[in-house]
file coords22.cif (mmCIF, C-alpha atoms)
data_structure
loop_
_atom_site.label_atom_id
_atom_site.label_comp_id
_atom_site.auth_asym_id
_atom_site.auth_seq_id
_atom_site.Cartn_x
_atom_site.Cartn_y
_atom_site.Cartn_z
CA MET A 1 26.31 6.55 -13.88
CA GLU A 2 23.91 5.79 -11.05
CA PHE A 3 21.13 3.33 -11.81
CA ALA A 4 17.77 5.09 -12.13
CA PHE A 5 14.81 3.23 -10.65
CA SER A 6 11.39 4.16 -11.85
CA ILE A 7 8.24 2.91 -10.20
CA SER A 8 4.60 3.57 -10.96
CA PRO A 9 1.79 2.81 -8.53
CA GLY A 10 -1.63 1.98 -9.87
CA THR A 11 -0.55 -0.95 -12.02
CA GLY A 12 -1.10 -4.67 -11.54
CA SER A 13 2.48 -5.06 -10.37
CA PRO A 14 3.15 -4.23 -6.70
CA ILE A 15 5.92 -1.67 -6.11
CA PHE A 16 8.27 -4.17 -4.44
CA ARG A 17 7.91 -6.42 -7.50
CA GLN A 18 8.74 -3.50 -9.83
CA ILE A 19 11.96 -2.86 -7.90
CA VAL A 20 12.93 -6.55 -7.97
CA ASP A 21 12.23 -6.83 -11.70
CA GLN A 22 14.22 -3.69 -12.56
CA VAL A 23 17.30 -4.85 -10.68
CA ARG A 24 17.09 -8.36 -12.12
CA LEU A 25 16.74 -7.08 -15.66
CA ALA A 26 19.54 -4.54 -15.24
CA VAL A 27 21.83 -7.27 -13.91
CA VAL A 28 21.03 -9.70 -16.72
CA SER A 29 21.54 -7.03 -19.36
CA GLY A 30 24.80 -5.89 -17.77
CA ARG A 31 23.64 -2.36 -16.91
CA LEU A 32 24.35 -3.20 -13.26
CA ALA A 33 27.75 -4.85 -12.96
CA PRO A 34 28.79 -7.03 -10.01
CA GLY A 35 30.12 -4.88 -7.20
CA THR A 36 27.91 -1.88 -8.04
CA GLN A 37 26.49 -0.31 -4.90
CA LEU A 38 22.74 0.19 -4.62
CA PRO A 39 21.19 2.91 -2.45
CA SER A 40 20.37 1.92 1.13
CA VAL A 41 16.78 0.92 1.94
CA ARG A 42 16.15 4.27 3.59
CA ALA A 43 17.74 6.30 0.76
CA LEU A 44 15.85 4.47 -1.99
CA ALA A 45 12.55 4.74 -0.05
CA GLU A 46 12.99 8.49 0.26
CA ARG A 47 14.05 8.86 -3.36
CA LEU A 48 11.09 6.88 -4.72
CA VAL A 49 8.70 8.18 -2.00
CA VAL A 50 7.60 4.71 -0.96
CA ASN A 51 7.37 2.91 2.36
CA PRO A 52 10.84 1.66 3.46
CA ASN A 53 9.32 -1.77 4.20
CA THR A 54 8.53 -2.07 0.48
CA VAL A 55 12.17 -1.47 -0.46
CA ALA A 56 13.34 -3.81 2.32
CA LYS A 57 11.05 -6.51 0.98
CA ALA A 58 12.43 -6.08 -2.55
CA TYR A 59 16.04 -6.17 -1.31
CA GLY A 60 15.19 -9.23 0.77
CA GLU A 61 13.95 -11.08 -2.26
CA LEU A 62 16.93 -10.01 -4.40
CA SER A 63 19.25 -11.15 -1.65
CA ARG A 64 17.53 -14.56 -1.36
CA GLU A 65 17.92 -14.95 -5.11
CA GLY A 66 21.62 -14.20 -4.80
CA ILE A 67 21.39 -11.10 -6.99
CA ILE A 68 22.54 -8.68 -4.30
CA ASP A 69 24.76 -8.97 -1.24
CA GLY A 70 24.02 -6.82 1.73
CA GLN A 71 26.25 -6.43 4.73
CA GLN A 72 24.79 -4.70 7.72
CA GLY A 73 25.99 -1.11 7.73
CA ARG A 74 28.25 -1.52 4.71
CA GLY A 75 25.74 -1.13 1.96
CA VAL A 76 24.01 -3.20 -0.67
CA PHE A 77 25.98 -4.46 -3.68
CA ILE A 78 25.26 -6.38 -6.86
CA ALA A 79 26.59 -9.89 -6.23
CA GLU A 80 29.00 -11.87 -8.38
CA PRO A 81 26.87 -13.96 -10.69
CA ARG A 82 26.22 -17.36 -9.21
CA GLN A 83 23.67 -20.01 -9.68
CA ILE A 84 21.63 -20.55 -6.55
CA TYR A 85 19.22 -23.11 -8.02
CA THR A 86 20.17 -26.56 -9.32
CA ASN A 87 19.64 -27.07 -13.04
CA ALA A 88 16.64 -29.28 -12.29
CA GLU A 89 15.13 -26.59 -10.10
CA ARG A 90 15.69 -23.92 -12.75
CA SER A 91 13.94 -26.04 -15.34
CA ARG A 92 11.10 -26.75 -12.92
CA ARG A 93 10.61 -23.01 -12.32
CA LEU A 94 10.67 -22.22 -16.02
CA ALA A 95 8.27 -25.01 -17.06
CA PRO A 96 4.90 -23.32 -16.28
CA PHE A 97 5.86 -20.23 -18.31
CA VAL A 98 6.95 -22.29 -21.30
CA GLU A 99 3.72 -24.23 -21.08
CA ALA A 100 1.62 -21.06 -20.90
CA LEU A 101 3.43 -19.54 -23.90
CA ALA A 102 3.04 -22.71 -25.95
CA ASN A 103 -0.66 -23.18 -25.09
CA GLU A 104 -1.62 -19.59 -25.69
CA GLY A 105 0.46 -19.39 -28.88
CA VAL A 106 -1.05 -22.52 -30.41
CA ALA A 107 -4.58 -21.49 -29.38
CA LEU A 108 -4.07 -18.17 -31.17
CA GLY A 109 -2.94 -20.04 -34.29
CA PHE A 110 0.78 -19.19 -34.37
CA THR A 111 3.24 -21.61 -35.97
CA SER A 112 6.23 -22.78 -33.91
CA GLU A 113 8.54 -20.70 -36.09
CA GLU A 114 6.47 -17.56 -35.43
CA LEU A 115 6.42 -18.25 -31.70
CA LEU A 116 10.19 -18.72 -31.56
CA GLU A 117 10.66 -15.56 -33.59
CA SER A 118 8.50 -13.46 -31.27
CA LEU A 119 10.36 -14.84 -28.24
CA ARG A 120 13.66 -13.95 -29.91
CA ARG A 121 12.44 -10.42 -30.62
CA ARG A 122 11.33 -10.00 -27.02
CA LEU A 123 14.70 -11.22 -25.71
CA ALA A 124 16.55 -8.94 -28.08
CA LYS A 125 14.74 -5.99 -26.48
CA MET A 126 15.98 -7.10 -23.06
CA ASP A 127 19.61 -7.42 -24.20
CA VAL A 128 19.88 -10.95 -22.82
CA PRO A 129 23.23 -12.49 -23.78
CA ALA A 130 22.98 -15.42 -26.18
CA SER A 131 25.57 -17.44 -24.25
CA SER A 132 25.69 -17.99 -20.52
CA ARG A 133 27.54 -15.54 -18.30
CA ARG A 134 26.53 -17.32 -15.12
CA LYS A 135 29.26 -19.37 -13.49
CA PRO A 136 28.10 -22.74 -12.19
CA SER A 137 28.23 -22.89 -8.41
CA MET B 1 5.43 -2.62 25.37
CA ASN B 2 2.10 -3.01 23.64
CA ASP B 3 2.38 -4.37 20.06
CA PHE B 4 -0.50 -2.25 18.81
CA ALA B 5 -0.71 1.51 18.65
CA ILE B 6 -4.50 1.24 18.29
CA LYS B 7 -6.77 -1.66 19.18
CA THR B 8 -10.55 -1.50 19.07
CA THR B 9 -13.07 -4.09 20.22
CA GLY B 10 -16.62 -4.00 18.90
CA LEU B 11 -16.43 -0.22 18.56
CA THR B 12 -19.89 1.09 17.66
CA ARG B 13 -21.44 4.50 17.25
CA TYR B 14 -25.03 5.48 16.55
CA PHE B 15 -26.30 8.92 15.59
CA GLY B 16 -29.95 8.71 16.61
CA GLY B 17 -31.20 5.53 15.00
CA LYS B 18 -28.47 5.48 12.37
CA CYS B 19 -25.44 3.28 12.87
CA ALA B 20 -22.27 5.10 11.70
CA VAL B 21 -19.68 2.59 12.93
CA ASP B 22 -20.79 -1.00 13.44
CA GLN B 23 -18.81 -3.25 15.82
CA VAL B 24 -15.38 -2.46 14.44
CA SER B 25 -12.54 -4.56 15.84
CA LEU B 26 -9.30 -3.25 14.46
CA ALA B 27 -5.63 -3.62 15.39
CA VAL B 28 -3.00 -1.18 14.14
CA PRO B 29 0.52 -2.61 14.65
CA ARG B 30 3.03 -0.28 16.23
CA GLY B 31 5.39 1.09 13.57
CA SER B 32 2.98 0.52 10.69
CA VAL B 33 1.66 2.97 8.11
CA PHE B 34 -2.00 2.06 8.21
CA ALA B 35 -4.49 3.30 5.60
CA LEU B 36 -8.21 3.43 6.33
CA LEU B 37 -10.25 3.27 3.12
CA GLY B 38 -13.94 3.52 2.38
CA ARG B 39 -16.46 5.56 0.47
CA ASN B 40 -17.75 8.90 1.68
CA GLY B 41 -20.09 8.33 4.61
CA SER B 42 -18.73 4.86 5.39
CA GLY B 43 -17.77 5.89 8.94
CA LYS B 44 -14.06 6.69 8.61
CA SER B 45 -14.25 10.10 10.28
CA THR B 46 -16.58 8.86 13.02
CA LEU B 47 -14.17 6.01 13.78
CA THR B 48 -11.19 8.37 13.79
CA ARG B 49 -12.95 10.88 16.04
CA MET B 50 -13.78 8.15 18.55
CA LEU B 51 -10.13 7.05 18.59
CA MET B 52 -9.09 10.62 19.36
CA GLY B 53 -11.56 10.83 22.26
CA LEU B 54 -13.62 13.50 20.47
CA LEU B 55 -16.72 11.33 20.23
CA GLU B 56 -18.11 8.90 22.79
CA PRO B 57 -18.60 5.32 21.49
CA THR B 58 -22.14 4.00 21.85
CA ARG B 59 -20.71 0.54 22.57
CA GLY B 60 -17.37 -1.21 22.49
CA SER B 61 -13.95 0.13 23.37
CA ALA B 62 -10.75 1.42 21.86
CA ASN B 63 -7.25 1.40 23.22
CA VAL B 64 -4.89 4.08 21.90
CA LEU B 65 -1.20 3.98 22.92
CA GLY B 66 -2.24 1.70 25.76
CA GLU B 67 -5.02 3.91 27.15
CA ASP B 68 -8.79 3.90 26.89
CA CYS B 69 -9.73 6.42 24.19
CA ARG B 70 -12.46 7.87 26.42
CA HIS B 71 -10.00 8.87 29.11
CA LEU B 72 -6.76 9.69 27.34
CA SER B 73 -4.28 11.24 29.77
CA PRO B 74 -2.56 14.50 28.85
CA ALA B 75 0.69 12.50 28.57
CA ALA B 76 -0.86 10.15 25.99
CA ARG B 77 -2.38 13.08 24.09
CA GLY B 78 1.08 14.61 23.98
CA ARG B 79 2.30 11.53 22.14
CA ILE B 80 -0.52 11.64 19.57
CA GLY B 81 -0.56 13.98 16.59
CA TYR B 82 -3.98 14.54 15.05
CA VAL B 83 -4.56 16.22 11.70
CA ALA B 84 -8.30 16.78 11.44
CA GLU B 85 -10.29 16.68 8.21
CA GLY B 86 -10.07 19.89 6.18
CA HIS B 87 -7.02 21.15 8.14
CA PRO B 88 -8.81 23.52 10.55
CA LEU B 89 -6.55 26.35 11.74
CA ILE B 90 -7.02 29.55 13.69
CA ASP B 91 -7.46 31.75 10.64
CA TRP B 92 -6.45 35.16 12.06
CA MET B 93 -3.11 33.86 13.35
CA ARG B 94 0.10 34.12 11.36
CA VAL B 95 2.27 31.07 10.65
CA ARG B 96 4.83 32.08 13.29
CA ASP B 97 2.10 32.83 15.87
CA LEU B 98 0.57 29.41 15.33
CA GLU B 99 3.98 27.87 15.88
CA SER B 100 4.56 29.60 19.21
CA PHE B 101 0.96 28.87 20.27
CA GLN B 102 1.23 25.15 19.49
CA LYS B 103 4.76 24.95 20.91
CA SER B 104 3.57 26.17 24.30
CA PHE B 105 1.56 22.97 24.76
CA TYR B 106 4.32 20.51 23.93
CA PRO B 107 7.50 19.99 25.95
CA LYS B 108 9.29 18.34 23.01
CA TRP B 109 8.97 20.80 20.13
CA ASP B 110 11.12 20.22 17.06
CA GLY B 111 11.57 23.69 15.59
CA ARG B 112 13.87 22.44 12.83
CA LEU B 113 11.32 19.91 11.65
CA PHE B 114 8.61 22.59 11.74
CA LYS B 115 10.72 24.87 9.59
CA SER B 116 11.65 22.17 7.11
CA VAL B 117 8.01 21.12 6.55
CA VAL B 118 6.89 24.76 6.32
CA ASP B 119 9.66 25.42 3.78
CA GLN B 120 8.76 22.35 1.75
CA PHE B 121 5.26 23.75 1.36
CA GLY B 122 6.58 27.24 0.65
CA LEU B 123 4.88 28.97 3.59
CA PRO B 124 5.92 32.54 4.48
CA SER B 125 6.12 32.86 8.27
CA ASP B 126 4.18 36.15 8.35
CA ALA B 127 1.21 34.85 6.32
CA ARG B 128 -2.15 34.60 8.07
CA ALA B 129 -3.60 31.08 8.15
CA GLY B 130 -6.89 32.34 6.69
CA ARG B 131 -5.10 33.56 3.54
CA LEU B 132 -3.33 30.30 2.72
CA SER B 133 -4.18 28.00 -0.19
CA ARG B 134 -5.57 24.57 0.55
CA GLY B 135 -2.19 22.91 -0.01
CA GLN B 136 -0.48 25.46 2.24
CA ARG B 137 -3.08 24.92 4.98
CA ALA B 138 -2.39 21.19 4.77
CA GLY B 139 1.34 21.88 5.00
CA LEU B 140 0.91 24.15 8.01
CA SER B 141 -1.32 21.76 9.90
CA LEU B 142 1.10 18.93 9.09
CA ALA B 143 4.09 21.00 10.28
CA LEU B 144 2.27 21.94 13.51
CA THR B 145 1.59 18.25 14.15
CA LEU B 146 4.90 16.70 13.06
CA ALA B 147 6.96 19.13 15.12
CA THR B 148 5.44 17.60 18.27
CA ARG B 149 7.22 14.33 17.27
CA PRO B 150 4.12 12.19 17.78
CA GLN B 151 4.49 8.45 18.37
CA LEU B 152 1.12 8.08 16.72
CA LEU B 153 0.16 10.32 13.81
CA VAL B 154 -3.55 10.23 12.95
CA MET B 155 -4.70 12.05 9.82
CA ASP B 156 -8.27 12.27 8.58
CA ASP B 157 -8.16 12.47 4.78
CA PRO B 158 -5.09 14.75 4.69
CA ALA B 159 -4.83 14.63 0.88
CA MET B 160 -8.35 15.94 0.29
CA GLY B 161 -8.36 18.77 -2.22
CA LEU B 162 -4.56 18.90 -2.57
CA ASP B 163 -2.84 19.38 -5.91
CA PRO B 164 -0.36 16.67 -7.03
CA VAL B 165 2.68 18.62 -5.86
CA ALA B 166 1.28 19.22 -2.37
CA ARG B 167 0.20 15.57 -2.20
CA ARG B 168 3.69 14.40 -3.03
CA THR B 169 5.13 16.69 -0.34
CA LEU B 170 2.64 15.21 2.12
CA LEU B 171 3.84 11.69 1.20
CA GLU B 172 7.46 12.74 1.61
CA ALA B 173 6.66 14.03 5.08
CA MET B 174 4.97 10.71 5.91
CA ILE B 175 8.02 8.74 4.74
CA LEU B 176 10.10 11.01 6.96
CA VAL B 177 8.04 9.94 9.98
CA THR B 178 8.92 6.29 9.32
CA ARG B 179 12.54 7.17 10.13
CA ASN B 180 11.55 6.85 13.76
CA ALA B 181 11.19 3.14 14.34
CA GLY B 182 8.03 2.40 16.27
CA HIS B 183 6.21 5.57 15.21
CA THR B 184 2.83 4.76 13.71
CA ILE B 185 0.75 6.53 11.06
CA PHE B 186 -2.98 5.94 10.81
CA PHE B 187 -4.64 7.86 7.98
CA SER B 188 -7.69 7.79 5.76
CA SER B 189 -7.53 8.51 2.06
CA HIS B 190 -9.25 8.15 -1.29
CA VAL B 191 -6.03 8.42 -3.31
CA LEU B 192 -5.09 4.78 -3.88
CA ASP B 193 -1.81 5.51 -5.69
CA ASP B 194 -0.62 7.39 -2.62
CA VAL B 195 -1.82 4.61 -0.34
CA GLU B 196 0.10 2.10 -2.45
CA ARG B 197 3.27 4.14 -2.06
CA VAL B 198 3.26 4.68 1.68
CA ALA B 199 0.94 2.21 3.42
CA ASP B 200 1.92 -1.25 4.59
CA HIS B 201 -1.46 -2.07 6.14
CA VAL B 202 -4.92 -1.41 4.84
CA ALA B 203 -8.43 -1.48 6.29
CA ILE B 204 -11.70 -1.06 4.41
CA LEU B 205 -14.88 0.27 5.97
CA ASP B 206 -17.96 -0.41 3.90
CA LYS B 207 -21.28 1.04 5.09
CA SER B 208 -20.07 1.25 8.71
CA VAL B 209 -18.73 -2.34 8.75
CA LEU B 210 -15.04 -3.28 8.71
CA ARG B 211 -14.49 -5.69 5.81
CA VAL B 212 -10.73 -5.78 5.41
CA SER B 213 -7.84 -5.27 7.79
CA CYS B 214 -4.50 -6.78 6.81
CA PRO B 215 -1.11 -6.06 5.23
CA VAL B 216 -1.44 -4.46 1.78
CA GLU B 217 0.36 -7.35 0.03
CA PHE B 218 -1.91 -9.85 1.74
CA PHE B 219 -4.97 -7.96 0.48
CA ARG B 220 -3.67 -7.81 -3.09
CA ALA B 221 -2.67 -11.46 -3.15
CA ARG B 222 -6.16 -12.56 -2.14
CA ILE B 223 -8.14 -10.80 -4.80
CA LYS B 224 -8.09 -12.30 -8.27
CA ARG B 225 -9.64 -11.25 -11.53
CA LEU B 226 -10.32 -13.86 -14.21
CA VAL B 227 -11.37 -13.12 -17.76
CA LEU B 228 -13.26 -15.97 -19.42
CA THR B 229 -13.66 -15.90 -23.21
CA PHE B 230 -16.46 -17.84 -24.86
CA GLY B 231 -17.33 -18.69 -28.46
CA GLY B 232 -20.66 -16.94 -28.09
CA THR B 233 -22.72 -15.40 -25.32
CA PRO B 234 -21.31 -16.31 -21.88
CA PRO B 235 -23.52 -18.74 -19.93
CA PRO B 236 -25.39 -17.68 -16.77
CA LEU B 237 -23.24 -17.82 -13.64
CA PRO B 238 -23.64 -20.38 -10.89
CA PRO B 239 -23.17 -19.04 -7.35
CA ILE B 240 -19.43 -18.42 -6.81
CA PRO B 241 -18.13 -18.10 -3.25
CA GLY B 242 -16.36 -14.80 -2.66
CA LEU B 243 -17.53 -13.21 -5.91
CA LEU B 244 -17.05 -9.44 -5.66
CA GLU B 245 -17.96 -8.42 -9.16
CA ALA B 246 -19.08 -10.07 -12.39
CA ARG B 247 -19.24 -8.15 -15.65
CA ARG B 248 -20.22 -9.57 -19.00
CA ASP B 249 -20.07 -8.38 -22.58
CA LEU B 250 -20.71 -10.12 -25.91
CA THR B 251 -18.18 -12.94 -25.48
CA GLN B 252 -16.43 -12.35 -22.17
CA LEU B 253 -17.10 -12.77 -18.49
CA ARG B 254 -14.92 -10.85 -16.07
CA LEU B 255 -14.98 -12.20 -12.52
CA THR B 256 -13.35 -10.59 -9.50
CA VAL B 257 -13.12 -12.97 -6.56
CA ALA B 258 -11.84 -12.63 -2.99
CA ASN B 259 -10.14 -15.52 -1.23
CA PRO B 260 -10.24 -17.84 -4.26
CA GLY B 261 -10.03 -21.52 -3.30
CA PRO B 262 -9.56 -24.71 -5.31
CA GLU B 263 -13.32 -24.89 -5.93
CA LEU B 264 -13.08 -21.75 -8.07
CA GLU B 265 -11.00 -23.58 -10.69
CA GLN B 266 -13.59 -26.36 -10.93
CA LEU B 267 -16.44 -23.88 -11.17
CA VAL B 268 -14.68 -21.92 -13.88
CA ALA B 269 -13.79 -25.11 -15.78
CA SER B 270 -17.46 -26.19 -15.69
CA LEU B 271 -18.48 -23.03 -17.58
CA GLY B 272 -16.72 -24.27 -20.72
CA ALA B 273 -14.77 -21.13 -21.62
CA GLN B 274 -12.36 -21.20 -24.57
CA ALA B 275 -9.73 -19.35 -22.62
CA VAL B 276 -9.30 -18.29 -19.01
CA THR B 277 -6.82 -15.52 -18.28
CA GLU B 278 -5.87 -14.16 -14.89
CA VAL B 279 -5.48 -10.39 -15.01
CA ALA B 280 -3.24 -8.53 -12.56
CA LEU B 281 -5.28 -6.10 -10.47
CA SER B 282 -4.04 -2.73 -9.32
CA LEU B 283 -4.67 -1.84 -5.69
CA GLU B 284 -7.27 0.66 -6.85
CA ASP B 285 -9.13 -1.97 -8.91
CA ALA B 286 -9.10 -4.35 -5.96
CA VAL B 287 -10.49 -1.72 -3.61
CA ILE B 288 -13.17 -0.64 -6.10
CA ALA B 289 -14.22 -4.26 -6.55
CA TYR B 290 -14.63 -4.44 -2.78
CA LEU B 291 -16.62 -1.25 -2.50
CA GLY B 292 -18.88 -1.81 -5.50
CA GLU B 293 -22.59 -2.29 -5.10
CA ARG B 294 -22.83 -5.79 -6.51
CA GLY B 295 -21.53 -9.08 -5.18
CA GLU B 296 -20.75 -10.50 -1.78
CA LYS B 297 -18.48 -8.74 0.67
CA PRO B 298 -16.33 -11.53 2.05
CA SER B 299 -14.30 -10.66 5.08
CA LEU B 300 -10.52 -10.30 4.89
CA LEU B 301 -9.87 -9.70 8.55
CA GLN B 302 -6.55 -11.27 9.27
CA SER B 303 -6.03 -10.72 12.94
CA ASP B 304 -3.79 -13.82 13.15
CA GLN B 305 -1.70 -12.45 10.35
CA LEU B 306 -1.53 -9.07 12.05
CA GLU B 307 -0.28 -10.64 15.24
CA ALA B 308 2.34 -12.55 13.25
CA VAL B 309 3.49 -9.32 11.59
CA ALA B 310 3.59 -7.37 14.81
CA SER B 311 5.57 -9.95 16.76
#
call {"tool": "encode", "arguments": {"input": "coords22.cif", "output": "structure tokens"}}
result
Amino acid sequence: MEFAFSISPGTGSPIFRQIVDQVRLAVVSGRLAPGTQLPSVRALAERLVVNPNTVAKAYGELSREGIIDGQQGRGVFIAEPRQIYTNAERSRRLAPFVEALANEGVALGFTSEELLESLRRRLAKMDVPASSRRKPS
Amino acid sequence: MNDFAIKTTGLTRYFGGKCAVDQVSLAVPRGSVFALLGRNGSGKSTLTRMLMGLLEPTRGSANVLGEDCRHLSPAARGRIGYVAEGHPLIDWMRVRDLESFQKSFYPKWDGRLFKSVVDQFGLPSDARAGRLSRGQRAGLSLALTLATRPQLLVMDDPAMGLDPVARRTLLEAMILVTRNAGHTIFFSSHVLDDVERVADHVAILDKSVLRVSCPVEFFRARIKRLVLTFGGTPPPLPPIPGLLEARRDLTQLRLTVANPGPELEQLVASLGAQAVTEVALSLEDAVIAYLGERGEKPSLLQSDQLEAVAS
């Protein structure tokens, strides 16, 4: 079944960011398997009724992150999972979010067990696998 | 080839003693979809009419497709498509008569494109223009303009008064124009959701003065909203550079700031809030903050950025 994008203008999240997030999430949760073809920039722009530059920007970011492979004229495909950041770099990128969650959680009076539980519930909604499916590069 | 489809320098227009457009210097990159925003009466139509050579500037100049807007050659006019405010049409003519009338002026007439736009809007070819609904009028005037295959499409508030379906069809037609690399759309609008979908550049006119002209993402990235929560009544505010809007209630201060620098963090920290949260702003919120009555109106004119984008 073809992947259905859905974007909504008028939110705090720019449209290119919504496209990036949807593809990322669908890849992590396995709804988009490696090798799946995505619509071309032009086709997706016309389907979503958004500026093609917006789609191109989203695809550009996904491609830099190694989530999609695009060959000129041959289409855009979900890439084989690979790790493009070193482990140190991944941890560095994650750190500010962990810190924000911890600070906000403690300030609101949650216990560590409650915080972990709410994170687990959130992840369960996203269908994130418990063990790694990423191959080390 | 010129990098800009439109470039104005100090463009100014007075009506009697009243300034309608005040020293506007604007550059519209070739190939962009450029949205002109501003409240009613801010000078958008006056600016647009000057660009189209329909109104003489009091001072300053404008270059459109490489020619002075005051003396556009017939060849340049043939490359410009203009959809005027309110979609004026010759009301006694039928759809097919308007097509053959318009066609006679343009050597490159795309009859297939005309038909496809007319069909999208559900226009019968024997209907008289005067009998059409507002959405159908918009569709007809769009079809008459697009079929000339303009390199520069200029539309003055084309979405005004259209229902959501007609508006979406209008957007689809605009996306269609971007298939031609190097074709530029310059349009004014009040519908920010539509602007967010199709525009890549945005300009804001506020009381005749140009305040913003930059890529849409650049504009959004430079406007921040912070919500500060206090234990009791929020303290009075010190002067904050770039403050667009400050709203307070019992325990919260909501600040919207343009071009926030490192000094903002210090200022905010000095207020002693219990929590400071950055809230994501929609494009509409950001524009409203800019057009509101209170606060400073810092400039976000990124001509360097524009040149970088265009090159």
call {"tool": "interface_residues", "arguments": {"input": "coords22.cif", "of": "chain B", "to": "chain A", "cutoff": "12 Å", "atoms": "only C-alpha atoms", "output": "number ranges by chain"}}
result
B: 31-34, 167-181, 185, 191-201, 215-221, 223-225, 274-287
call {"tool": "axis_aligned_box", "arguments": {"input": "coords22.cif", "around": "region 101-110 of chain A", "padding_each_side": "5 Å", "output": "AutoDock Vina command-line options"}}
result
--center_x -0.6 --center_y -20.7 --center_z -29.1 --size_x 18.0 --size_y 15.0 --size_z 20.5
call {"tool": "resolve_selection", "arguments": {"input": "coords22.cif", "expression": "the PyMOL selection byres ((chain A and resi 4) around 12)", "output": "list in words"}}
result
Met1, Glu2, Phe3, Phe5, Ser6, Ile7, Ile19, Gln22, Val23, Ala26, Arg31, Leu32, Leu38, Pro39, Leu44, Arg47 and Leu48 of chain A
call {"tool": "residues_around", "arguments": {"input": "coords22.cif", "residues": "Asp97 (chain B)", "least_positions_apart": "4", "cutoff": "9 Å", "atoms": "all atoms listed in the file", "output": "PDB file with C-alpha atoms, keeping the file's coordinate frame"}}
result
ATOM      1  CA  MET B  93      -3.110  33.860  13.350  1.00  0.00           C
ATOM      2  CA  PHE B 101       0.960  28.870  20.270  1.00  0.00           C
ATOM      3  CA  GLN B 102       1.230  25.150  19.490  1.00  0.00           C
ATOM      4  CA  SER B 125       6.120  32.860   8.270  1.00  0.00           C
ATOM      5  CA  ASP B 126       4.180  36.150   8.350  1.00  0.00           C
TER       6      ASP B 126
END
call {"tool": "closest_residue", "arguments": {"input": "coords22.cif", "among": "B:Met160, B:Leu253, B:Ile90, B:Ile6", "to": "Gly231 (chain B)", "atoms": "all atoms listed in the file"}}
result
B:Leu253
call {"tool": "residues_around", "arguments": {"input": "coords22.cif", "residues": "Phe77 (chain A)", "least_positions_apart": "2", "cutoff": "7 Å", "atoms": "only C-alpha atoms", "output": "list in words"}}
result
Gly35, Thr36, Gln37, Leu38, Ile68, Asp69, Gly70, Gly75 and Ala79 of chain A
call {"tool": "residues_around", "arguments": {"input": "coords22.cif", "residues": "Asn103 (chain A)", "least_positions_apart": "3", "cutoff": "12 Å", "atoms": "only C-alpha atoms", "output": "PyMOL selection string"}}
result
(chain A and resi 96-100+106-112+115) or (chain B and resi 274-277)
call {"tool": "write_last_selection", "arguments": {"input": "coords22.cif", "atoms": "C-alpha atoms", "output": "mmCIF file, keeping the file's coordinate frame"}}
result
data_model
loop_
_atom_site.group_PDB
_atom_site.id
_atom_site.type_symbol
_atom_site.label_atom_id
_atom_site.label_comp_id
_atom_site.auth_asym_id
_atom_site.auth_seq_id
_atom_site.Cartn_x
_atom_site.Cartn_y
_atom_site.Cartn_z
ATOM 1 C CA PRO A 96 4.900 -23.320 -16.280
ATOM 2 C CA PHE A 97 5.860 -20.230 -18.310
ATOM 3 C CA VAL A 98 6.950 -22.290 -21.300
ATOM 4 C CA GLU A 99 3.720 -24.230 -21.080
ATOM 5 C CA ALA A 100 1.620 -21.060 -20.900
ATOM 6 C CA VAL A 106 -1.050 -22.520 -30.410
ATOM 7 C CA ALA A 107 -4.580 -21.490 -29.380
ATOM 8 C CA LEU A 108 -4.070 -18.170 -31.170
ATOM 9 C CA GLY A 109 -2.940 -20.040 -34.290
ATOM 10 C CA PHE A 110 0.780 -19.190 -34.370
ATOM 11 C CA THR A 111 3.240 -21.610 -35.970
ATOM 12 C CA SER A 112 6.230 -22.780 -33.910
ATOM 13 C CA LEU A 115 6.420 -18.250 -31.700
ATOM 14 C CA GLN B 274 -12.360 -21.200 -24.570
ATOM 15 C CA ALA B 275 -9.730 -19.350 -22.620
ATOM 16 C CA VAL B 276 -9.300 -18.290 -19.010
ATOM 17 C CA THR B 277 -6.820 -15.520 -18.280
#
call {"tool": "atom_distance", "arguments": {"input": "coords22.cif", "atom1": "CA of Pro235 (chain B)", "atom2": "CA of Ile288 (chain B)"}}
result
25.0 Å
call {"tool": "resolve_selection", "arguments": {"input": "coords22.cif", "expression": "the PyMOL selection byres ((chain B and resi 59-73) around 6)", "output": "NGL selection string"}}
result
:B and (5-12 or 51 or 53 or 57-58 or 74-76)
call {"tool": "write_last_selection", "arguments": {"input": "coords22.cif", "atoms": "C-alpha atoms", "output": "compact mmCIF listing (two decimals), in the coordinates of the input"}}
result
# COMPACT_ATOMS: atom_id res chain seq x y z
CA ALA B 5 -0.71 1.51 18.65
CA ILE B 6 -4.50 1.24 18.29
CA LYS B 7 -6.77 -1.66 19.18
CA THR B 8 -10.55 -1.50 19.07
CA THR B 9 -13.07 -4.09 20.22
CA GLY B 10 -16.62 -4.00 18.90
CA LEU B 11 -16.43 -0.22 18.56
CA THR B 12 -19.89 1.09 17.66
CA LEU B 51 -10.13 7.05 18.59
CA GLY B 53 -11.56 10.83 22.26
CA PRO B 57 -18.60 5.32 21.49
CA THR B 58 -22.14 4.00 21.85
CA PRO B 74 -2.56 14.50 28.85
CA ALA B 75 0.69 12.50 28.57
CA ALA B 76 -0.86 10.15 25.99
call {"tool": "resolve_selection", "arguments": {"input": "coords22.cif", "expression": "the PyMOL selection byres ((chain B and resi 135-137) around 8)", "output": "ChimeraX atom specification"}}
result
/B:87,89,121-123,129,132-134,138-141,161-163,166
call {"tool": "residues_near_point", "arguments": {"input": "coords22.cif", "point": "(2.5, 17.6, 22.9)", "cutoff": "10 Å", "atoms": "only C-alpha atoms", "output": "PyMOL selection string"}}
result
chain B and resi 74-81+102-109+145+147-150
